[in-house]
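Participant: Okay, here's the structure, questions in a sec.
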Amino acid sequence: MGESAILRTEQLTVGYEKRPVVSRVTLELKPGEMLGLIGPNGAGKTTVLRTILRQLPPLEGKILLKGIPLPDYRERDLARCCAAVMTVRADPELMRCEDVVAAGRYPYTGRLGILSERDRRIIESTVRTVGIEEIRYADFDSISDGQRQRVLLARALCQEPELLVLDEPTSFLDIRHKLEFMELLRQLLREKRIAVIMSLHELELARKYSDRILCIREGRADRQGTPDEIFTGTYIDSLFDMAPGSWRSVWHTQSLAGRCERKRCLPGNLE
Amino acid sequence: MEERKRTARSGAAFLLLAVLLLVLLWLNLLAGSAGLRAEEVLHALIHRKESGMAAGIVWNIRLPRLFAAALLGGALSVSGFLLQTFFGNPIAGPFVLGISSGAKLAVAFTMIACLGRGIAVSSVSMVVAAFGGAMLSMSFILLASRKLKSMALLVVCGVMIGYICSALTEIAVTFADDSNIVNLHNWSMGSFSGIGWGNLGVSALVTVPAVAGSFLLSKPMSAWQLGESHAQTVGVNLSRFRTALILLSSILAASVTAFAGPISFVGVAVPHLMKSLLKTAKPILLIPACFLGGAVFCLFCDLTARMLFAPTELSISTVTAVFGAPVVIHMLMNRRR
């Protein structure tokens with residue numbers, strides 16, 4: 001097994017005020033691994049992610065972060081370990097992109113939040129890694145959705161997290177920005193050994209980029225495995241309550257399919 | 001380069017505010033119905049112990065009044081900035097959300113109840129009553145904000161709360177004893193007149209720590225500006241932060257109302273002016289800027305209220321509305337979102 005898990009959940013049930021949304025999720029995530037959450041709208045992917053971020057209390061079960069139970073973390077220590085890009089739209093007033101990125105240094109700065117030399121160095125290198133040098137002084141309100149996601153990712157990376165939680169990070173991006181965003185994530189995973197758990201609506205992206213996939217359906221973790229194990233037969237059709245063969249027919253006509261074959265994507269099991 | 005430009009801009013802005021503050025302090029000291037000359041005022045300032053008329057006017061009337069205008073104006077703007085940040089709503093403010101009117105209602109009832117029984121109302125009990133009233137309005141607004149997702153509806157709700165409180169205050173004033181009415185009426189219109197050193201001391205004791213506390217909240221506030229979810233993920237203790245911010249903004253609004261009555265538009269207009277001046281919304285810069293700017297704005301408005309139709313004095317709210325409302329309208333017209 002080698003490295004120990006960053007995130008582990010045991011029989012985790014999530015939901016709102018005694019109303020369970022997803023029950024008994026058990027998962028494990030190691031450094032440098034990417035776990036994709038897929039499932040129909042309203043299945044509870046976001047609820048799972050918010051519980052892992054401690055934005056919602058779990059109804060049952062345990063969440064362990066680096067082997068320590070989540071409730072034992074102090075706010076600052078949790079923020080140093082775990083960062084997120086969620087779908088809640090941020091529209092701050094009069095903030096430049098660089099200010100938004102710098103906001104990720106929060107758990108490291110002092111009482112008044114004044115940036116140190118080290119903070120500035122980290123912001124600088126993150127801006128370069130994510131490739132937002134040209135827009136760093138632009139108003140955050142004025143940039144495109146694709147750029148926004150990059151800025152928000154940079155902000156999360158400034159927390160120097162070991163675990164990154166992403167909720168549909170590519171939903172509003174065009175196809176080029178979707179692929180660029182995912183390539184960037186893979187690169188970060190490799191270089192910084194960050195673990196990523198994210199929900200995705202784009203099945204093709206989940207298939208191409210995830211190490212493992214967790215399928216959520218009708219209030220439970222329906223299936224968990226490598227992309228090859230999940231994308232077999234008519235499983236995807238049944239996950240989304242479609243007629244058998246529906247997904248495959250779309251997949252074949254999508255332009256993304258052609259792009260994917262170029263890379264480490266599908267080991268020839270398209271048929 | 002970029003960074004230096006920004007520092008220069010904030011430096012210049014603060015310098016401007018400081019100069020304006022000093023100029024207005026001096027003008028407010030000079031101006032008045034007694035028609036003192038500059039030398040007389042200066043002489044009176046230096047020789048406090050002299051028992052001349054000039055010394056009395058300067059030390060007992062003008063100085064406490066101008067310090068009150070500066071201090072309470074600053075407190076009101078900071079309160080407005082806190083509320084705007086908290087609700088993510090640029091037109092939120094203690095007056096707009098009915099918090100000042102709630103404080104006014106509670107103070108009016110306390111005054112009538114005490115004066116009717118012949119008990120003098122201490123400034124501390126005024127502040128406590130105002131705080132109670134402010135918290136009452138605040139809890140209504142917080143309840144409403146859970147249901148109302150739209151900024152405009154929240155403000156409408158606050159304005160309605162304000163009207164209800166004002167109506168109740170009017171009723172109370174109508175049925176109060178004749179001897180109370182003059183006092184109460186003047187105060188409920190809003191005015192910095194009649195604030196002595198004692199009241200000033202109490203209000204300083206309340207507002208100065210509250211403004212300092214707000215300044216210490218500037219780090220979590222800056223995280224909150226990116227949204228609640230973001231603030232939580234970077235490590236803000238949300239419940240503690242919310243409680244602190246609500247208490248501080250209510251204390252600030254309450255202490256102003258207790259001594260000067262409800263003052264409109266300062267809490268909305270000044271933070272907006274400061275954001276435009278500094279070209280940033282960073283709390284660490286804006287809280288001091290709002291305090292200074294509010295002081296300048298209220299000194300200017302109080303000067304106008306006293307001098308425009310001298311010897312008749314206008315109520316302070318009349319003047320702040322005349323200068324503040326256009327700023328608010330301008331801001332609403334220029335909003336991009």
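Residue numbering restarts at 1 in every chain; chains get A, B, ... in the order shown in the structure tokens, and ligands count up from 1 in that same order.
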Show me, as a compact mmCIF listing (two decimals) with N, CA and C atoms, in the first residue's frame, the residues of chain A whose atoms get within 9 Å of chain B, using only C-alpha atoms for the distance check.
Facilitator:
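Saved to selection-v5.txt:
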# COMPACT_ATOMS: atom_id res chain seq x y z
N LEU A 53 -15.86 18.79 3.76
CA LEU A 53 -15.29 20.11 4.08
C LEU A 53 -15.73 20.62 5.45
N ARG A 54 -16.55 19.84 6.15
CA ARG A 54 -17.08 20.21 7.45
C ARG A 54 -18.06 21.38 7.37
N GLN A 55 -18.62 21.60 6.19
CA GLN A 55 -19.67 22.63 6.09
C GLN A 55 -21.01 22.08 6.56
N ARG A 74 -8.74 22.07 14.35
CA ARG A 74 -9.07 23.47 14.54
C ARG A 74 -9.23 24.10 13.15
N GLU A 75 -9.98 25.22 13.08
CA GLU A 75 -10.28 25.81 11.77
C GLU A 75 -9.02 26.01 10.93
N ARG A 76 -8.01 26.59 11.56
CA ARG A 76 -6.80 26.94 10.84
C ARG A 76 -6.10 25.69 10.31
N ASP A 77 -6.01 24.66 11.15
CA ASP A 77 -5.31 23.44 10.72
C ASP A 77 -6.06 22.74 9.60
N LEU A 78 -7.38 22.77 9.68
CA LEU A 78 -8.17 22.17 8.62
C LEU A 78 -7.94 22.91 7.31
N ALA A 79 -7.91 24.25 7.39
CA ALA A 79 -7.74 25.05 6.18
C ALA A 79 -6.35 24.88 5.57
N ARG A 80 -5.36 24.49 6.41
CA ARG A 80 -4.02 24.26 5.87
C ARG A 80 -3.92 22.91 5.18
N CYS A 82 -6.76 21.28 3.71
CA CYS A 82 -7.85 20.97 2.81
C CYS A 82 -8.41 22.25 2.20
N ALA A 83 -8.43 22.34 0.86
CA ALA A 83 -8.94 23.54 0.20
C ALA A 83 -10.03 23.15 -0.78
N ALA A 84 -10.81 24.12 -1.23
CA ALA A 84 -11.95 23.77 -2.07
C ALA A 84 -12.23 24.84 -3.12
N VAL A 85 -12.80 24.40 -4.24
CA VAL A 85 -13.44 25.32 -5.18
C VAL A 85 -14.86 24.80 -5.34
N MET A 86 -15.81 25.54 -4.81
CA MET A 86 -17.20 25.10 -4.87
C MET A 86 -17.94 25.92 -5.93
N VAL A 88 -20.57 27.83 -5.55
CA VAL A 88 -21.18 29.09 -5.12
C VAL A 88 -20.45 30.24 -5.80
N ARG A 89 -21.22 31.07 -6.48
CA ARG A 89 -20.58 32.13 -7.25
C ARG A 89 -20.12 33.25 -6.33
N ALA A 90 -18.83 33.58 -6.47
CA ALA A 90 -18.31 34.68 -5.67
C ALA A 90 -18.30 35.92 -6.54
N ASP A 91 -18.94 37.00 -6.11
CA ASP A 91 -18.71 38.24 -6.85
C ASP A 91 -18.36 39.37 -5.90
N PRO A 92 -17.10 39.37 -5.52
CA PRO A 92 -16.64 40.39 -4.59
C PRO A 92 -16.51 41.73 -5.29
N GLU A 93 -16.61 42.78 -4.48
CA GLU A 93 -16.51 44.14 -4.98
C GLU A 93 -15.05 44.54 -5.09
N LEU A 94 -14.71 45.22 -6.16
CA LEU A 94 -13.39 45.85 -6.27
C LEU A 94 -12.23 44.95 -5.88
N MET A 95 -12.26 43.70 -6.34
CA MET A 95 -11.14 42.82 -6.02
C MET A 95 -10.44 42.44 -7.32
N ARG A 96 -9.11 42.57 -7.29
CA ARG A 96 -8.36 42.13 -8.46
C ARG A 96 -8.09 40.64 -8.30
N VAL A 100 -7.81 37.94 -4.97
CA VAL A 100 -8.57 36.71 -4.76
C VAL A 100 -7.61 35.55 -4.49
N ALA A 103 -6.19 35.63 -1.08
CA ALA A 103 -7.14 35.25 -0.03
C ALA A 103 -6.89 33.82 0.44
N GLY A 104 -6.26 33.00 -0.40
CA GLY A 104 -5.95 31.63 -0.01
C GLY A 104 -4.88 31.53 1.06
N ARG A 105 -4.14 32.60 1.30
CA ARG A 105 -3.10 32.57 2.33
C ARG A 105 -3.68 32.76 3.73
N TYR A 106 -4.97 32.93 3.82
CA TYR A 106 -5.65 33.20 5.09
C TYR A 106 -5.15 32.35 6.27
N PRO A 107 -5.10 31.02 6.12
CA PRO A 107 -4.72 30.23 7.30
C PRO A 107 -3.26 30.40 7.73
N GLY A 110 -1.13 36.43 9.89
CA GLY A 110 -1.37 36.78 11.30
C GLY A 110 -2.73 37.41 11.52
N ARG A 111 -2.85 38.03 12.68
CA ARG A 111 -4.12 38.58 13.15
C ARG A 111 -4.80 39.52 12.14
N LEU A 112 -3.99 40.34 11.46
CA LEU A 112 -4.58 41.32 10.54
C LEU A 112 -4.51 40.88 9.09
N GLY A 113 -3.97 39.69 8.85
CA GLY A 113 -3.95 39.17 7.49
C GLY A 113 -2.94 39.84 6.58
N ILE A 114 -1.86 40.38 7.16
CA ILE A 114 -0.86 41.04 6.31
C ILE A 114 0.09 39.99 5.74
N TYR A 137 -3.84 41.53 -12.51
CA TYR A 137 -4.28 42.85 -12.03
C TYR A 137 -5.66 43.22 -12.54
N ALA A 156 -7.21 28.36 -4.02
CA ALA A 156 -7.22 27.13 -3.23
C ALA A 156 -5.80 26.59 -3.07
N GLN A 159 -3.49 27.79 -0.33
CA GLN A 159 -3.64 27.20 1.01
C GLN A 159 -2.65 26.06 1.22
Participant: Which parts of range 68-309 of chain B does DSSP call alpha helix (DSSP H) when run on the backbone here, written out as a VMD selection string?
Facilitator: chain B and resid 68 to 87 99 to 116 123 to 147 151 to 174 178 to 189 197 to 216 218 to 224 228 to 233 238 to 260 266 to 278 283 to 307
Participant: Extract, using only C-alpha atoms, all DNA, RNA and protein residues at most 12 Å from range 118-127 of chain B, discarding same-chain residues fewer than 5 positions from it, and format them as a CSV table (one decimal) with N, CA and C atoms, in the first residue's frame.
Facilitator:
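So result-v2.csv came out as:
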chain,number,residue,atom,x,y,z
B,103,ALA,N,-33.4,51.4,17.7
B,103,ALA,CA,-32.7,52.0,18.8
B,103,ALA,C,-33.5,53.3,19.3
B,104,LYS,N,-33.9,54.0,18.3
B,104,LYS,CA,-34.7,55.3,18.6
B,104,LYS,C,-35.9,54.9,19.4
B,105,LEU,N,-36.6,53.9,19.0
B,105,LEU,CA,-37.9,53.5,19.7
B,105,LEU,C,-37.6,53.2,21.1
B,106,ALA,N,-36.6,52.3,21.3
B,106,ALA,CA,-36.3,51.9,22.7
B,106,ALA,C,-35.8,53.1,23.6
B,107,VAL,N,-35.1,54.0,23.0
B,107,VAL,CA,-34.6,55.1,23.8
B,107,VAL,C,-35.8,56.0,24.1
B,108,ALA,N,-36.7,56.3,23.1
B,108,ALA,CA,-37.8,57.1,23.4
B,108,ALA,C,-38.7,56.6,24.5
B,109,PHE,N,-39.0,55.3,24.5
B,109,PHE,CA,-39.8,54.7,25.5
B,109,PHE,C,-39.1,54.8,26.9
B,110,THR,N,-37.8,54.5,26.9
B,110,THR,CA,-37.0,54.7,28.2
B,110,THR,C,-37.1,56.1,28.7
B,111,MET,N,-36.9,57.0,27.8
B,111,MET,CA,-36.9,58.4,28.3
B,111,MET,C,-38.3,58.8,28.8
B,112,ILE,N,-39.4,58.4,28.1
B,112,ILE,CA,-40.7,58.8,28.6
B,112,ILE,C,-41.0,58.1,29.9
B,113,ALA,N,-40.7,56.8,30.0
B,113,ALA,CA,-40.9,56.1,31.2
B,113,ALA,C,-40.2,56.7,32.4
B,132,GLY,N,-30.5,47.6,23.1
B,132,GLY,CA,-31.7,46.6,23.1
B,132,GLY,C,-32.6,46.8,21.9
B,133,GLY,N,-32.9,48.0,21.6
B,133,GLY,CA,-33.7,48.3,20.4
B,133,GLY,C,-33.1,47.9,19.1
B,134,ALA,N,-31.8,48.2,19.0
B,134,ALA,CA,-31.0,47.9,17.8
B,134,ALA,C,-31.0,46.4,17.6
B,177,ASP,N,-45.6,63.7,28.3
B,177,ASP,CA,-45.9,64.9,28.9
B,177,ASP,C,-45.3,66.1,28.1
B,179,SER,N,-43.6,68.6,28.9
B,179,SER,CA,-42.2,69.0,29.3
B,179,SER,C,-41.2,68.1,28.6
B,180,ASN,N,-41.6,66.8,28.3
B,180,ASN,CA,-40.6,65.9,27.6
B,180,ASN,C,-40.5,66.2,26.1
B,195,ILE,N,-24.9,67.8,23.2
B,195,ILE,CA,-24.1,66.7,23.7
B,195,ILE,C,-22.9,67.3,24.6
B,196,GLY,N,-22.9,67.0,25.8
B,196,GLY,CA,-21.9,67.5,26.7
B,196,GLY,C,-20.7,66.6,26.9
B,197,TRP,N,-19.7,67.0,27.7
B,197,TRP,CA,-18.5,66.1,27.9
B,197,TRP,C,-18.9,64.8,28.4
B,198,GLY,N,-19.9,64.8,29.3
B,198,GLY,CA,-20.2,63.5,30.0
B,198,GLY,C,-20.7,62.5,28.9
B,199,ASN,N,-21.7,62.9,28.1
B,199,ASN,CA,-22.2,62.0,27.1
B,199,ASN,C,-21.1,61.6,26.1
B,200,LEU,N,-20.3,62.6,25.8
B,200,LEU,CA,-19.2,62.3,24.8
B,200,LEU,C,-18.3,61.3,25.4
B,201,GLY,N,-18.0,61.4,26.7
B,201,GLY,CA,-17.1,60.4,27.3
B,201,GLY,C,-17.7,59.0,27.2
B,202,VAL,N,-19.0,58.9,27.6
B,202,VAL,CA,-19.7,57.6,27.5
B,202,VAL,C,-19.7,57.0,26.1
B,203,SER,N,-20.0,57.9,25.1
B,203,SER,CA,-20.1,57.4,23.8
B,203,SER,C,-18.7,57.0,23.3
B,204,ALA,N,-17.7,57.7,23.7
B,204,ALA,CA,-16.3,57.3,23.3
B,204,ALA,C,-15.9,56.0,23.9
B,205,LEU,N,-16.3,55.8,25.1
B,205,LEU,CA,-16.0,54.6,25.8
B,205,LEU,C,-16.7,53.4,25.1
B,206,VAL,N,-17.8,53.6,24.5
B,206,VAL,CA,-18.5,52.5,23.7
B,206,VAL,C,-17.9,52.4,22.3
B,207,THR,N,-17.9,53.5,21.6
B,207,THR,CA,-17.6,53.4,20.2
B,207,THR,C,-16.1,53.1,19.9
B,250,SER,N,-24.3,46.6,15.7
B,250,SER,CA,-25.4,47.1,16.5
B,250,SER,C,-25.0,48.0,17.6
B,251,ILE,N,-23.9,47.7,18.3
B,251,ILE,CA,-23.4,48.6,19.3
B,251,ILE,C,-23.1,50.0,18.7
B,252,LEU,N,-22.4,50.0,17.6
B,252,LEU,CA,-22.0,51.2,17.0
B,252,LEU,C,-23.3,52.1,16.6
B,253,ALA,N,-24.2,51.4,15.9
B,253,ALA,CA,-25.4,52.1,15.5
B,253,ALA,C,-26.2,52.6,16.8
B,254,ALA,N,-26.2,51.8,17.8
B,254,ALA,CA,-27.0,52.1,19.0
B,254,ALA,C,-26.4,53.3,19.7
B,255,SER,N,-25.1,53.3,19.8
B,255,SER,CA,-24.5,54.4,20.6
B,255,SER,C,-24.7,55.7,19.9
B,256,VAL,N,-24.6,55.7,18.5
B,256,VAL,CA,-24.9,56.9,17.8
B,256,VAL,C,-26.3,57.4,18.1
B,257,THR,N,-27.3,56.5,17.9
B,257,THR,CA,-28.7,56.8,18.1
B,257,THR,C,-29.0,57.3,19.5
B,258,ALA,N,-28.4,56.7,20.5
B,258,ALA,CA,-28.6,57.1,21.9
B,258,ALA,C,-28.3,58.6,22.1
B,259,PHE,N,-27.2,59.1,21.4
B,259,PHE,CA,-26.8,60.5,21.7
B,259,PHE,C,-27.2,61.5,20.7
B,260,ALA,N,-27.3,61.0,19.4
B,260,ALA,CA,-27.6,62.0,18.4
B,260,ALA,C,-28.9,61.7,17.6
B,261,GLY,N,-29.6,60.7,18.1
B,261,GLY,CA,-30.8,60.3,17.3
B,261,GLY,C,-30.5,59.6,16.1
Participant: Env of range 3-10 of chain A: 12 Å cut, atoms = only C-alpha atoms, seq-sep filter 6 positions within chain, self excluded. Answer as a ChimeraX atom specification.
Facilitator: /A:23-35,48-49,51-53,58,60-70,81-82,161-165,193-197
Participant: Go ahead and dump the residues you just picked, C-alpha atoms, as a compact mmCIF listing (two decimals), in the first residue's frame.
Facilitator:
# COMPACT_ATOMS: atom_id res chain seq x y z
CA SER A 23 -25.86 6.73 3.04
CA ARG A 24 -22.87 4.66 4.01
CA VAL A 25 -20.11 6.01 1.82
CA THR A 26 -16.77 4.38 2.47
CA LEU A 27 -13.86 5.70 0.51
CA GLU A 28 -10.12 6.22 0.69
CA LEU A 29 -7.91 8.70 -1.08
CA LYS A 30 -4.11 8.69 -1.25
CA PRO A 31 -1.70 11.50 -2.13
CA GLY A 32 -1.61 12.13 -5.85
CA GLU A 33 -4.89 10.38 -6.46
CA MET A 34 -7.98 11.76 -8.12
CA LEU A 35 -11.40 10.48 -7.19
CA VAL A 48 -20.89 14.55 0.22
CA LEU A 49 -18.27 17.17 -0.64
CA THR A 51 -19.64 17.17 4.58
CA ILE A 52 -16.01 16.36 3.86
CA LEU A 53 -15.29 20.11 4.08
CA PRO A 58 -22.24 14.02 9.08
CA GLU A 60 -23.52 8.97 10.74
CA GLY A 61 -20.10 7.47 10.28
CA LYS A 62 -16.61 8.94 10.39
CA ILE A 63 -14.38 11.14 8.31
CA LEU A 64 -10.65 10.89 8.90
CA LEU A 65 -8.24 13.41 7.48
CA LYS A 66 -4.66 12.13 7.64
CA GLY A 67 -5.92 9.63 10.19
CA ILE A 68 -7.35 12.30 12.51
CA PRO A 69 -11.12 12.60 12.94
CA LEU A 70 -12.45 15.70 11.17
CA CYS A 81 -4.80 20.68 4.95
CA CYS A 82 -7.85 20.97 2.81
CA PRO A 161 -3.53 21.86 0.69
CA GLU A 162 -2.96 18.13 0.72
CA LEU A 163 -6.57 17.54 -0.23
CA LEU A 164 -8.43 19.53 -2.85
CA VAL A 165 -12.21 19.36 -3.01
CA ARG A 193 1.15 14.98 -4.65
CA ILE A 194 -2.18 16.62 -3.87
CA ALA A 195 -5.20 14.35 -3.56
CA VAL A 196 -8.32 15.50 -5.37
CA ILE A 197 -11.93 14.59 -4.82
Participant: Applying 6 Å and only C-alpha atoms, which residues near Ile316 in chain B remain after dropping the ones on its own chain fewer than 2 positions away? List them as a PyMOL selection string.
Facilitator: chain B and resi 190-191+318-319
Participant: Using only C-alpha atoms, determine which residues lie at most 10 Å from Thr129 in chain A, disregarding the query and same-chain residues fewer than 5 positions distant; provide the list as a PyMOL selection string.
Facilitator: chain A and resi 123-124+154+157+184+187-188
Participant: Could you write out the selected residues, including N, CA and C atoms, as an mmCIF file, in the first residue's frame?
Facilitator:
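Listed below is the output, result-v4.cif:
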data_model
loop_
_atom_site.group_PDB
_atom_site.id
_atom_site.type_symbol
_atom_site.label_atom_id
_atom_site.label_comp_id
_atom_site.auth_asym_id
_atom_site.auth_seq_id
_atom_site.Cartn_x
_atom_site.Cartn_y
_atom_site.Cartn_z
ATOM 1 N N ILE A 123 2.252 33.104 -3.562
ATOM 2 C CA ILE A 123 1.246 33.653 -4.474
ATOM 3 C C ILE A 123 1.834 33.775 -5.873
ATOM 4 N N GLU A 124 3.067 34.318 -5.917
ATOM 5 C CA GLU A 124 3.761 34.503 -7.184
ATOM 6 C C GLU A 124 3.883 33.187 -7.947
ATOM 7 N N ALA A 154 -6.228 28.760 -8.156
ATOM 8 C CA ALA A 154 -4.990 29.336 -7.619
ATOM 9 C C ALA A 154 -5.176 29.715 -6.150
ATOM 10 N N LEU A 157 -5.001 26.671 -4.134
ATOM 11 C CA LEU A 157 -3.635 26.132 -4.058
ATOM 12 C C LEU A 157 -2.766 26.932 -3.099
ATOM 13 N N LEU A 184 -4.181 20.639 -16.107
ATOM 14 C CA LEU A 184 -3.509 21.381 -15.042
ATOM 15 C C LEU A 184 -3.623 20.632 -13.719
ATOM 16 N N GLN A 187 -1.342 17.681 -13.615
ATOM 17 C CA GLN A 187 0.039 18.129 -13.418
ATOM 18 C C GLN A 187 0.287 18.440 -11.928
ATOM 19 N N LEU A 188 -0.676 19.100 -11.298
ATOM 20 C CA LEU A 188 -0.540 19.428 -9.881
ATOM 21 C C LEU A 188 -0.487 18.165 -9.032
#
